[in-house]
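Right, one structure below, let's go through it.
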Amino acid sequence: MASIEASWLKVLGNELDKAYMKELESFLLEEKQKGFIVYPKTSDIFNAFNHTPFDKIKVVILGQDPYHGVNQAHGLSFSVQKGVAIPPSLKNIYKELALEYNNFKKPTHGNLTEWADQGVLLLNATLTVRASEPGSHQKRGWETFTDHVITTLSEQKNGIVFLLWGKHAQQKESLINHQKHHILKAAHPSPFSAHRGFFGCNHFKECNQILEKEGLKPINWQIIC
């Protein structure tokens, strides 16, 4: 399994050493031994954690699965590597940003590392997937791990803004302490649902307003590099 950032290792304790994680590691090894391509590459699996240390988290955006196309997934929800076509859901995220900010310029790529480096945890519920087979690594243990991550954030942090887009993300709401954190809910940005409440949700502005009230620096949503 890939390495994970030191502050996360400290708060996660022995979670990575539990039996279900060992079984998951064996499953991933078997997938590769059988000749299946697994995304993202091993070194990128924990990118969300490595770019957003535990003590710097201000916002959490929950996704479901990594992208399953060639060179897309790199460990951050909704994000793809540079040089790859921007996926439809991310195009709609950019459209919403343009609705909220008149001066927002549509980025030429879909790499959201700049958000992660500012304290936005871009967390998928499942952290790996078989190439061209969406959902193929669900219910193998990743959900247990990422649920633990959300619970740990809820218990040990205060004032995080959770952006829950779509039914799957909103199912995680029960893991979050409403008294300590801020929860913004909307439809998923997928083309199938974006017009049912994602467009016009104003989540990016609202998120920054909350952060400023918390005395924190707002997120610069404009992707530059």
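Chains: A, B, ... in order of the structure tokens. Residues: from 1 per chain. Ligands: from 1, in order shown.
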
Excluding stretch 192-204 of chain A and residues on its chain fewer than 6 positions from it, collect all residues at most 9 Å away from it, counting only C-alpha atoms, and give them as JSON, numbers by chain.
-> {"A": [89, 92, 93, 95, 96, 97, 99, 100, 163, 165, 166, 184, 185, 186, 219, 221]}

Identify all residues of stretch 131-168 of chain A in helix (DSSP H, G or I) (DSSP on the backbone) and supply them as a short mmCIF file (atom, residue, chain, number, x, y, z; two decimals) with N, CA and C atoms, in the first residue's frame.
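See states-v6.cif below for the written result:
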```
data_model
loop_
_atom_site.label_atom_id
_atom_site.label_comp_id
_atom_site.auth_asym_id
_atom_site.auth_seq_id
_atom_site.Cartn_x
_atom_site.Cartn_y
_atom_site.Cartn_z
N TRP A 142 -12.64 -0.27 1.39
CA TRP A 142 -12.35 1.17 1.33
C TRP A 142 -13.39 2.01 2.06
N GLU A 143 -14.66 1.63 1.95
CA GLU A 143 -15.71 2.42 2.60
C GLU A 143 -15.56 2.41 4.11
N THR A 144 -15.14 1.28 4.66
CA THR A 144 -14.89 1.21 6.10
C THR A 144 -13.80 2.19 6.50
N PHE A 145 -12.75 2.24 5.69
CA PHE A 145 -11.63 3.14 5.96
C PHE A 145 -12.06 4.61 5.84
N THR A 146 -12.71 4.96 4.74
CA THR A 146 -13.07 6.38 4.54
C THR A 146 -14.17 6.82 5.49
N ASP A 147 -15.05 5.91 5.90
CA ASP A 147 -16.02 6.25 6.94
C ASP A 147 -15.30 6.57 8.25
N HIS A 148 -14.26 5.81 8.53
CA HIS A 148 -13.46 6.07 9.73
C HIS A 148 -12.79 7.44 9.63
N VAL A 149 -12.32 7.78 8.45
CA VAL A 149 -11.70 9.09 8.23
C VAL A 149 -12.70 10.21 8.52
N ILE A 150 -13.91 10.09 7.99
CA ILE A 150 -14.94 11.11 8.20
C ILE A 150 -15.30 11.22 9.68
N THR A 151 -15.46 10.07 10.33
CA THR A 151 -15.78 10.05 11.76
C THR A 151 -14.66 10.69 12.58
N THR A 152 -13.42 10.40 12.22
CA THR A 152 -12.28 10.98 12.92
C THR A 152 -12.24 12.50 12.75
N LEU A 153 -12.50 12.96 11.54
CA LEU A 153 -12.56 14.40 11.31
C LEU A 153 -13.66 15.04 12.15
N SER A 154 -14.81 14.40 12.17
CA SER A 154 -15.95 14.93 12.93
C SER A 154 -15.63 15.02 14.42
N GLU A 155 -14.97 14.01 14.94
CA GLU A 155 -14.70 13.94 16.37
C GLU A 155 -13.55 14.85 16.80
N GLN A 156 -12.51 14.92 15.99
CA GLN A 156 -11.28 15.58 16.43
C GLN A 156 -11.10 17.01 15.90
N LYS A 167 -26.83 11.84 -3.59
CA LYS A 167 -27.33 10.90 -2.59
C LYS A 167 -26.20 10.13 -1.91
N HIS A 168 -25.23 9.67 -2.69
CA HIS A 168 -24.17 8.84 -2.11
C HIS A 168 -23.39 9.62 -1.07
#
```

If you run DSSP over the backbone, which residues in stretch 29-168 of chain A end up strand (DSSP E or B)? Put them as a ChimeraX atom specification.
-> /A:38-39,59-63,120-124,129-130,133,161-165

Export of prior selection with N, CA, C and O atoms as a PDB file, in the first residue's frame:
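File produced: result.pdb:
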```pdb
ATOM      1  N   VAL A  38      -5.317  -1.182 -12.382  1.00  0.00           N
ATOM      2  CA  VAL A  38      -6.000  -0.532 -11.263  1.00  0.00           C
ATOM      3  C   VAL A  38      -5.635   0.949 -11.241  1.00  0.00           C
ATOM      4  O   VAL A  38      -4.462   1.312 -11.382  1.00  0.00           O
ATOM      5  N   TYR A  39      -6.647   1.786 -11.090  1.00  0.00           N
ATOM      6  CA  TYR A  39      -6.427   3.232 -10.967  1.00  0.00           C
ATOM      7  C   TYR A  39      -6.835   3.712  -9.577  1.00  0.00           C
ATOM      8  O   TYR A  39      -7.766   3.151  -8.996  1.00  0.00           O
ATOM      9  N   VAL A  59     -12.117  22.204   4.485  1.00  0.00           N
ATOM     10  CA  VAL A  59     -13.268  21.818   3.664  1.00  0.00           C
ATOM     11  C   VAL A  59     -13.111  20.358   3.257  1.00  0.00           C
ATOM     12  O   VAL A  59     -11.992  19.889   3.044  1.00  0.00           O
ATOM     13  N   VAL A  60     -14.221  19.640   3.169  1.00  0.00           N
ATOM     14  CA  VAL A  60     -14.213  18.269   2.641  1.00  0.00           C
ATOM     15  C   VAL A  60     -15.218  18.177   1.502  1.00  0.00           C
ATOM     16  O   VAL A  60     -16.386  18.550   1.660  1.00  0.00           O
ATOM     17  N   ILE A  61     -14.768  17.717   0.344  1.00  0.00           N
ATOM     18  CA  ILE A  61     -15.663  17.438  -0.788  1.00  0.00           C
ATOM     19  C   ILE A  61     -15.649  15.939  -1.029  1.00  0.00           C
ATOM     20  O   ILE A  61     -14.612  15.374  -1.379  1.00  0.00           O
ATOM     21  N   LEU A  62     -16.786  15.308  -0.814  1.00  0.00           N
ATOM     22  CA  LEU A  62     -16.877  13.849  -0.921  1.00  0.00           C
ATOM     23  C   LEU A  62     -17.274  13.403  -2.317  1.00  0.00           C
ATOM     24  O   LEU A  62     -18.258  13.882  -2.886  1.00  0.00           O
ATOM     25  N   GLY A  63     -16.495  12.475  -2.852  1.00  0.00           N
ATOM     26  CA  GLY A  63     -16.843  11.830  -4.112  1.00  0.00           C
ATOM     27  C   GLY A  63     -17.132  10.361  -3.858  1.00  0.00           C
ATOM     28  O   GLY A  63     -17.154   9.903  -2.705  1.00  0.00           O
ATOM     29  N   VAL A 120      -8.547  21.725   1.201  1.00  0.00           N
ATOM     30  CA  VAL A 120      -9.771  21.053   0.753  1.00  0.00           C
ATOM     31  C   VAL A 120      -9.476  19.561   0.586  1.00  0.00           C
ATOM     32  O   VAL A 120      -8.732  19.165  -0.319  1.00  0.00           O
ATOM     33  N   LEU A 121     -10.025  18.746   1.477  1.00  0.00           N
ATOM     34  CA  LEU A 121      -9.836  17.298   1.377  1.00  0.00           C
ATOM     35  C   LEU A 121     -10.770  16.755   0.305  1.00  0.00           C
ATOM     36  O   LEU A 121     -11.994  16.761   0.467  1.00  0.00           O
ATOM     37  N   LEU A 122     -10.196  16.292  -0.790  1.00  0.00           N
ATOM     38  CA  LEU A 122     -10.964  15.768  -1.925  1.00  0.00           C
ATOM     39  C   LEU A 122     -10.999  14.250  -1.793  1.00  0.00           C
ATOM     40  O   LEU A 122     -10.179  13.532  -2.353  1.00  0.00           O
ATOM     41  N   LEU A 123     -11.981  13.771  -1.040  1.00  0.00           N
ATOM     42  CA  LEU A 123     -12.017  12.379  -0.593  1.00  0.00           C
ATOM     43  C   LEU A 123     -13.072  11.567  -1.328  1.00  0.00           C
ATOM     44  O   LEU A 123     -14.258  11.884  -1.293  1.00  0.00           O
ATOM     45  N   ASN A 124     -12.644  10.497  -1.962  1.00  0.00           N
ATOM     46  CA  ASN A 124     -13.577   9.523  -2.520  1.00  0.00           C
ATOM     47  C   ASN A 124     -13.904   8.462  -1.471  1.00  0.00           C
ATOM     48  O   ASN A 124     -13.071   8.150  -0.607  1.00  0.00           O
ATOM     49  N   VAL A 129     -10.053   1.587  -8.307  1.00  0.00           N
ATOM     50  CA  VAL A 129     -11.044   1.043  -9.235  1.00  0.00           C
ATOM     51  C   VAL A 129     -10.315   0.270 -10.332  1.00  0.00           C
ATOM     52  O   VAL A 129      -9.169   0.593 -10.670  1.00  0.00           O
ATOM     53  N   ARG A 130     -10.974  -0.747 -10.857  1.00  0.00           N
ATOM     54  CA  ARG A 130     -10.429  -1.483 -12.003  1.00  0.00           C
ATOM     55  C   ARG A 130     -10.679  -0.674 -13.273  1.00  0.00           C
ATOM     56  O   ARG A 130     -11.750  -0.080 -13.432  1.00  0.00           O
ATOM     57  N   GLU A 133     -14.114  -0.248 -15.349  1.00  0.00           N
ATOM     58  CA  GLU A 133     -15.183  -0.921 -14.603  1.00  0.00           C
ATOM     59  C   GLU A 133     -15.572  -0.107 -13.373  1.00  0.00           C
ATOM     60  O   GLU A 133     -15.102  -0.377 -12.266  1.00  0.00           O
ATOM     61  N   VAL A 161     -16.208  22.579   6.767  1.00  0.00           N
ATOM     62  CA  VAL A 161     -17.337  22.687   5.838  1.00  0.00           C
ATOM     63  C   VAL A 161     -17.362  21.426   4.978  1.00  0.00           C
ATOM     64  O   VAL A 161     -16.417  21.164   4.224  1.00  0.00           O
ATOM     65  N   PHE A 162     -18.415  20.642   5.120  1.00  0.00           N
ATOM     66  CA  PHE A 162     -18.591  19.423   4.318  1.00  0.00           C
ATOM     67  C   PHE A 162     -19.520  19.719   3.155  1.00  0.00           C
ATOM     68  O   PHE A 162     -20.667  20.142   3.362  1.00  0.00           O
ATOM     69  N   LEU A 163     -19.050  19.507   1.932  1.00  0.00           N
ATOM     70  CA  LEU A 163     -19.879  19.670   0.741  1.00  0.00           C
ATOM     71  C   LEU A 163     -20.336  18.287   0.291  1.00  0.00           C
ATOM     72  O   LEU A 163     -19.524  17.465  -0.150  1.00  0.00           O
ATOM     73  N   LEU A 164     -21.627  18.030   0.453  1.00  0.00           N
ATOM     74  CA  LEU A 164     -22.200  16.721   0.143  1.00  0.00           C
ATOM     75  C   LEU A 164     -23.082  16.848  -1.084  1.00  0.00           C
ATOM     76  O   LEU A 164     -24.206  17.343  -1.014  1.00  0.00           O
ATOM     77  N   TRP A 165     -22.564  16.394  -2.218  1.00  0.00           N
ATOM     78  CA  TRP A 165     -23.270  16.514  -3.488  1.00  0.00           C
ATOM     79  C   TRP A 165     -23.789  15.148  -3.921  1.00  0.00           C
ATOM     80  O   TRP A 165     -23.022  14.230  -4.184  1.00  0.00           O
TER      81      TRP A 165
END
```

The residue from A:Ser7, A:Asn71, A:Ser136, A:Gln81 with the smallest atom-to-atom distance to A:Glu31, counting only C-alpha atoms, is A:Ser136

Just how far from atom CA of A:Gln171 is atom CA of A:His188, in Å to one decimal?
->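 Taking atom CA of A:His188 as the start and atom CA of A:Gln171 as the end point, the length is 12.8 Å.
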
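The coordinates place atom CA of A:Leu127 at 19.2 Å from atom CA of A:Glu173.
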
Of the candidates A:Lys91, A:His51, A:Lys205, A:His137, which one gets nearest to A:Phe36 if we count only C-alpha atoms?
->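 Counting only C-alpha atoms, the residue closest to A:Phe36 is A:His137.
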
Extract, using only C-alpha atoms, all DNA, RNA and protein residues at most 7 Å from stretch 19-29 of chain A, discarding same-chain residues fewer than 6 positions from it, and format them as a CSV table (one decimal) with C-alpha atoms, in the first residue's frame.
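Result file selection_2.csv:
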```csv
chain,number,residue,atom,x,y,z
A,1,MET,CA,0.0,0.0,0.0
A,140,ARG,CA,-13.9,-4.4,-0.5
A,141,GLY,CA,-13.0,-2.3,2.6
```

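The residue that comes closest to A:Thr113, out of A:Thr52, A:Ser174, A:Gln209, A:Thr126 and on the basis of only C-alpha atoms, is A:Thr52.
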